[in-house]
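Remarks on the structure that follows.
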Amino acid sequence: MRHPPRSVLAAVAGAAALIGSVTVPVVTASGAAPACSVEYSVTSQWDSGFQGAVRITNNTAAMSGWSLAFDFAGGQKLTQGWNAKWSQSGTTVTAASESYNGSLATGASVSAGFIASWPESNAVPTSFKLNGTSCNTAAEPSPTPEPTDPAEDGPPVLRVSGNKLVDAGGATRRLLGVNRSGGEFMCVQGSGIFDGPVDDASVKAIAGWKANTVRIPLNEECWLGLSTIDPAYAGANYINAVKDLVAKVKAHGMTPVVELHWTHGQYTGNSAGCSDVHASCQKPMPDMQYTPSFWASVANTFKNDRTVVFDLFNEPYPDRATSTTTQAWQCWRDGGSCPGIGYEVAGMQDLVDSVRGTGATNLILAGGIAYSNDLSQWLTYKPADPAGNLAAAWHVYNFNTCANESCWNSTLAPVAAQVPLVAGEIGENTCAHGFVDQVMKWFDDRGLSYLGWTWNTWDCSSGPSLISSYDGTPTAFGTGLRDHLRALNG
């Protein structure tokens, strides 16, 4: 779904491609609790540099100011930092509190981030001191766990089998549920991470509709912790919030779909949602500067949990920028220098490669052009997936071009005959549900998947909103989806 233009942010310094995301936990030996605990993270890394973060926890008396010191061991050189006053003398790096985050109560934590070069190696620091007191020391990295199957009452590990989604036992599964918007826009506006509560009660209310899937839109700049985003809503804080929501969704037996909604790259052409270079609106295509980095990081985060589904990019619309449909589909798959788009585009093949390059075999969804409403040449330009676990995504609203059964029969049915088809967003702007009733019937008749937009308490007369309260009270529009899911799964 396209959102109205959001607030414009200041310019951001460039960063290079992420090749992975690693968090090195720093834990104590057995015995008494340490005076302080530090978690050191490498959140992105490229040929000559990396982005890192520290999370400090105070286990002693409250502090009115703090200073963390550690030594680089591989010739790394600090270049910039945020959420602390960063400096380096020789190999010793110091992060001192800012005026706004100096108070650190007993048991409280604070995070700060930095960018540095690594001409020799990127060895992890092994000792940390907070206000001169030694914190816990680094443990050996734990071996990477094998991918795990869910608990008996949890969501299934999904894979593509022909044109169906199946679980580990080979039974056909459908993704039926809702979108939970907020993670794509709140952080970039400096307002938080999610719009409304994402506590256990609010997630339980979604399950109360008999939904089995929740799609979670994300923002790449917030996930990567770029310097223009408030650190409270970026980097490790943002990632941990997403991981927590994913865990809650799974705890209620539902499949989490993590989806990239808003991205970097300046576009001011036809149908532009904003003129901002930052990830403050829907862009026509993902950007090569950050999006492969985003997906490498997300895939590394969730690759050992194959119940999590990856939706590559919300609503591509290169067709609005290019002069021909062929150019649009070529841009969609191959990226590069696309006509009418001023930044280097990451195509769907680039993003599939980024995910699979981490070893992740999770199910991937890829939406077509025209805001994911056009799948007419999806099969022709289908990206190659070495894992063979790629499905088609499609969006439909009553105001889209392909919003009638004739179009669905001619363009969707051929795709659904060959690969699984997931309607990642369905909705209407009428505050009623007559249109989505038609969509659900067409998809039900063919055993396909769909997710309603959106589980947010917005005004359904200005856009599709399923609920009027996070306890699950439906709007007139949401009543249609709720009653239908309960009839199917009750």
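Simple scheme: letters A, B, ... for chains in structure tokens order, numbers from 1 for residues in each chain, numbers from 1 for ligands in the order shown.
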
Margin query: Please return, as an MDAnalysis selection string, all residues of stretch 80-306 of chain A that DSSP assigns to helix (DSSP H, G or I) on the basis of the backbone.
Written below: chainID A and resid 200:208 220:224 231:233 235:251 291:302

Write out as a compact mmCIF listing (two decimals) with N, CA, C and O atoms, in the first residue's frame each polymer residue whose atoms come within 6 Å of stretch 362-376 of chain A, counting only C-alpha atoms; drop sequence neighbours fewer than 5 positions from it.
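Saved result, part-v9.txt, follows:
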```
# COMPACT_ATOMS: atom_id res chain seq x y z
N ARG A 306 13.61 -21.08 9.65
CA ARG A 306 12.99 -21.13 8.31
C ARG A 306 11.47 -20.92 8.34
O ARG A 306 10.83 -20.97 7.29
N VAL A 309 9.36 -15.84 6.61
CA VAL A 309 9.28 -15.66 5.16
C VAL A 309 9.84 -14.28 4.80
O VAL A 309 9.64 -13.31 5.54
N PHE A 310 10.54 -14.18 3.66
CA PHE A 310 11.14 -12.94 3.20
C PHE A 310 10.37 -12.41 1.98
O PHE A 310 10.30 -13.08 0.95
N ASP A 311 9.82 -11.20 2.09
CA ASP A 311 9.14 -10.53 0.98
C ASP A 311 10.06 -9.41 0.51
O ASP A 311 10.28 -8.42 1.21
N LEU A 312 10.62 -9.53 -0.71
CA LEU A 312 11.77 -8.73 -1.14
C LEU A 312 11.53 -7.23 -1.23
O LEU A 312 12.39 -6.44 -0.85
N GLU A 315 6.21 -2.73 -3.33
CA GLU A 315 5.43 -2.45 -4.54
C GLU A 315 6.29 -1.79 -5.62
O GLU A 315 6.29 -0.56 -5.77
N PRO A 316 7.01 -2.57 -6.40
CA PRO A 316 7.80 -1.99 -7.49
C PRO A 316 6.90 -1.27 -8.49
O PRO A 316 5.81 -1.75 -8.81
N TYR A 317 7.37 -0.12 -8.98
CA TYR A 317 6.65 0.53 -10.07
C TYR A 317 7.62 1.14 -11.09
O TYR A 317 7.48 2.30 -11.48
N ASN A 389 12.94 -21.95 -3.84
CA ASN A 389 11.93 -21.64 -2.82
C ASN A 389 11.43 -20.21 -3.01
O ASN A 389 11.45 -19.40 -2.07
N LEU A 390 10.98 -19.91 -4.22
CA LEU A 390 10.52 -18.58 -4.60
C LEU A 390 9.06 -18.62 -5.03
O LEU A 390 8.67 -19.45 -5.86
N ALA A 391 8.25 -17.71 -4.47
CA ALA A 391 6.83 -17.60 -4.82
C ALA A 391 6.54 -16.20 -5.33
O ALA A 391 7.30 -15.26 -5.10
N ALA A 392 5.41 -16.06 -6.03
CA ALA A 392 4.99 -14.76 -6.57
C ALA A 392 4.12 -14.04 -5.55
O ALA A 392 3.28 -14.65 -4.88
N ALA A 393 4.33 -12.71 -5.45
CA ALA A 393 3.49 -11.88 -4.59
C ALA A 393 2.69 -10.93 -5.47
O ALA A 393 3.15 -10.48 -6.53
N TRP A 394 1.49 -10.57 -5.00
CA TRP A 394 0.59 -9.72 -5.77
C TRP A 394 -0.21 -8.87 -4.79
O TRP A 394 -0.51 -9.30 -3.69
N HIS A 395 -0.50 -7.62 -5.18
CA HIS A 395 -1.32 -6.74 -4.36
C HIS A 395 -2.54 -6.29 -5.15
O HIS A 395 -2.44 -6.04 -6.37
N VAL A 396 -3.65 -6.13 -4.46
CA VAL A 396 -4.83 -5.64 -5.15
C VAL A 396 -5.71 -4.82 -4.22
O VAL A 396 -5.94 -5.17 -3.06
N THR A 411 -4.21 -12.99 -16.15
CA THR A 411 -2.82 -12.74 -15.75
C THR A 411 -2.39 -13.47 -14.49
O THR A 411 -1.23 -13.85 -14.37
```

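Reported to one decimal place, the separation of atom CA of A:Phe435 from atom CA of A:Thr255 is 25.3 Å.
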
Margin query: Neighbouring residues of A:Gly74 were defined as those with any atom within 7 Å, considering only C-alpha atoms; residues of the same chain fewer than 3 positions away were excluded. Please report them as a PyMOL selection string.
Written below: chain A and resi 118+120-123

Each residue of stretch 261-329 of chain A with at least one atom at most 7 Å from stretch 209-226 of chain A should appear once, together with its nearest atom pair and the corresponding distance in Å (one decimal); atoms considered: only C-alpha atoms; ordering: chain, then increasing residue number; output as JSON lines.
```
{"residue": "A:His261", "atom": "CA", "partner": "A:Pro217", "partner_atom": "CA", "distance": 5.4}
{"residue": "A:Trp262", "atom": "CA", "partner": "A:Asn219", "partner_atom": "CA", "distance": 5.0}
{"residue": "A:Thr263", "atom": "CA", "partner": "A:Glu220", "partner_atom": "CA", "distance": 5.7}
{"residue": "A:Ala279", "atom": "CA", "partner": "A:Glu221", "partner_atom": "CA", "distance": 6.4}
{"residue": "A:Thr291", "atom": "CA", "partner": "A:Glu220", "partner_atom": "CA", "distance": 6.8}
{"residue": "A:Phe294", "atom": "CA", "partner": "A:Glu220", "partner_atom": "CA", "distance": 5.9}
```

Next item on the list: From a DSSP calculation on the backbone, collect every residue of stretch 187-380 of chain A in strand (DSSP E) and output the set as a ChimeraX atom specification.
Entry: /A:213-219,255-262,309-311,364-367

With N, CA and C atoms retained, export the selected residues as an mmCIF file, in the first residue's frame.
```cif
data_model
loop_
_atom_site.group_PDB
_atom_site.id
_atom_site.type_symbol
_atom_site.label_atom_id
_atom_site.label_comp_id
_atom_site.auth_asym_id
_atom_site.auth_seq_id
_atom_site.Cartn_x
_atom_site.Cartn_y
_atom_site.Cartn_z
ATOM 1 N N THR A 213 -0.939 -15.747 9.593
ATOM 2 C CA THR A 213 0.223 -15.053 9.035
ATOM 3 C C THR A 213 0.151 -13.562 9.365
ATOM 4 N N VAL A 214 1.304 -12.963 9.671
ATOM 5 C CA VAL A 214 1.406 -11.516 9.872
ATOM 6 C C VAL A 214 2.581 -10.999 9.035
ATOM 7 N N ARG A 215 2.285 -10.065 8.152
ATOM 8 C CA ARG A 215 3.328 -9.440 7.329
ATOM 9 C C ARG A 215 3.787 -8.154 8.019
ATOM 10 N N ILE A 216 5.116 -7.993 8.125
ATOM 11 C CA ILE A 216 5.708 -6.904 8.902
ATOM 12 C C ILE A 216 6.550 -6.026 7.987
ATOM 13 N N PRO A 217 6.056 -4.856 7.555
ATOM 14 C CA PRO A 217 6.829 -3.956 6.687
ATOM 15 C C PRO A 217 7.998 -3.327 7.443
ATOM 16 N N LEU A 218 9.140 -3.186 6.746
ATOM 17 C CA LEU A 218 10.360 -2.666 7.353
ATOM 18 C C LEU A 218 10.946 -1.512 6.547
ATOM 19 N N ASN A 219 11.897 -0.812 7.171
ATOM 20 C CA ASN A 219 12.602 0.316 6.557
ATOM 21 C C ASN A 219 14.093 -0.003 6.550
ATOM 22 N N THR A 255 2.734 -17.385 11.025
ATOM 23 C CA THR A 255 3.926 -17.221 10.198
ATOM 24 C C THR A 255 4.283 -15.746 10.089
ATOM 25 N N PRO A 256 5.513 -15.347 10.430
ATOM 26 C CA PRO A 256 5.933 -13.968 10.211
ATOM 27 C C PRO A 256 6.511 -13.781 8.806
ATOM 28 N N VAL A 257 6.069 -12.732 8.125
ATOM 29 C CA VAL A 257 6.624 -12.346 6.829
ATOM 30 C C VAL A 257 7.315 -11.000 7.015
ATOM 31 N N VAL A 258 8.628 -10.960 6.893
ATOM 32 C CA VAL A 258 9.342 -9.684 6.997
ATOM 33 C C VAL A 258 9.521 -9.139 5.587
ATOM 34 N N GLU A 259 9.171 -7.875 5.418
ATOM 35 C CA GLU A 259 9.037 -7.294 4.067
ATOM 36 C C GLU A 259 9.700 -5.929 4.011
ATOM 37 N N LEU A 260 10.422 -5.653 2.936
ATOM 38 C CA LEU A 260 11.063 -4.348 2.759
ATOM 39 C C LEU A 260 10.099 -3.403 2.070
ATOM 40 N N HIS A 261 9.749 -2.312 2.772
ATOM 41 C CA HIS A 261 8.717 -1.402 2.305
ATOM 42 C C HIS A 261 9.294 -0.093 1.770
ATOM 43 N N TRP A 262 10.108 0.587 2.585
ATOM 44 C CA TRP A 262 10.658 1.883 2.201
ATOM 45 C C TRP A 262 12.174 1.817 2.096
ATOM 46 N N VAL A 309 9.357 -15.844 6.608
ATOM 47 C CA VAL A 309 9.281 -15.657 5.157
ATOM 48 C C VAL A 309 9.845 -14.285 4.801
ATOM 49 N N PHE A 310 10.539 -14.185 3.661
ATOM 50 C CA PHE A 310 11.138 -12.937 3.198
ATOM 51 C C PHE A 310 10.373 -12.407 1.984
ATOM 52 N N ASP A 311 9.818 -11.201 2.090
ATOM 53 C CA ASP A 311 9.135 -10.532 0.984
ATOM 54 C C ASP A 311 10.059 -9.408 0.506
ATOM 55 N N ILE A 364 10.976 -17.137 -0.184
ATOM 56 C CA ILE A 364 11.065 -15.756 -0.669
ATOM 57 C C ILE A 364 9.832 -15.440 -1.501
ATOM 58 N N LEU A 365 9.290 -14.221 -1.312
ATOM 59 C CA LEU A 365 8.203 -13.706 -2.138
ATOM 60 C C LEU A 365 8.722 -12.547 -2.981
ATOM 61 N N ALA A 366 8.292 -12.472 -4.239
ATOM 62 C CA ALA A 366 8.679 -11.366 -5.121
ATOM 63 C C ALA A 366 7.439 -10.835 -5.827
ATOM 64 N N GLY A 367 7.095 -9.559 -5.554
ATOM 65 C CA GLY A 367 5.944 -8.927 -6.183
ATOM 66 C C GLY A 367 6.298 -8.372 -7.551
#
```

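Remark: for A:Asn131, the closest of the candidate residues A:Trp66, A:Trp442, A:Tyr397, A:Trp86 is A:Trp66 (distances computed over only C-alpha atoms).
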
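Across A:Ala476, A:Ala423, A:Met63, A:Ala234, the tightest approach to A:Phe194 is made by A:Ala234 when counting only C-alpha atoms.
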
Check: With only C-alpha atoms as the basis for distance, which of A:Gln80, A:Ser469, A:Gly196, A:Thr361 is at the shortest distance from A:Ala299?
Finding: A:Thr361
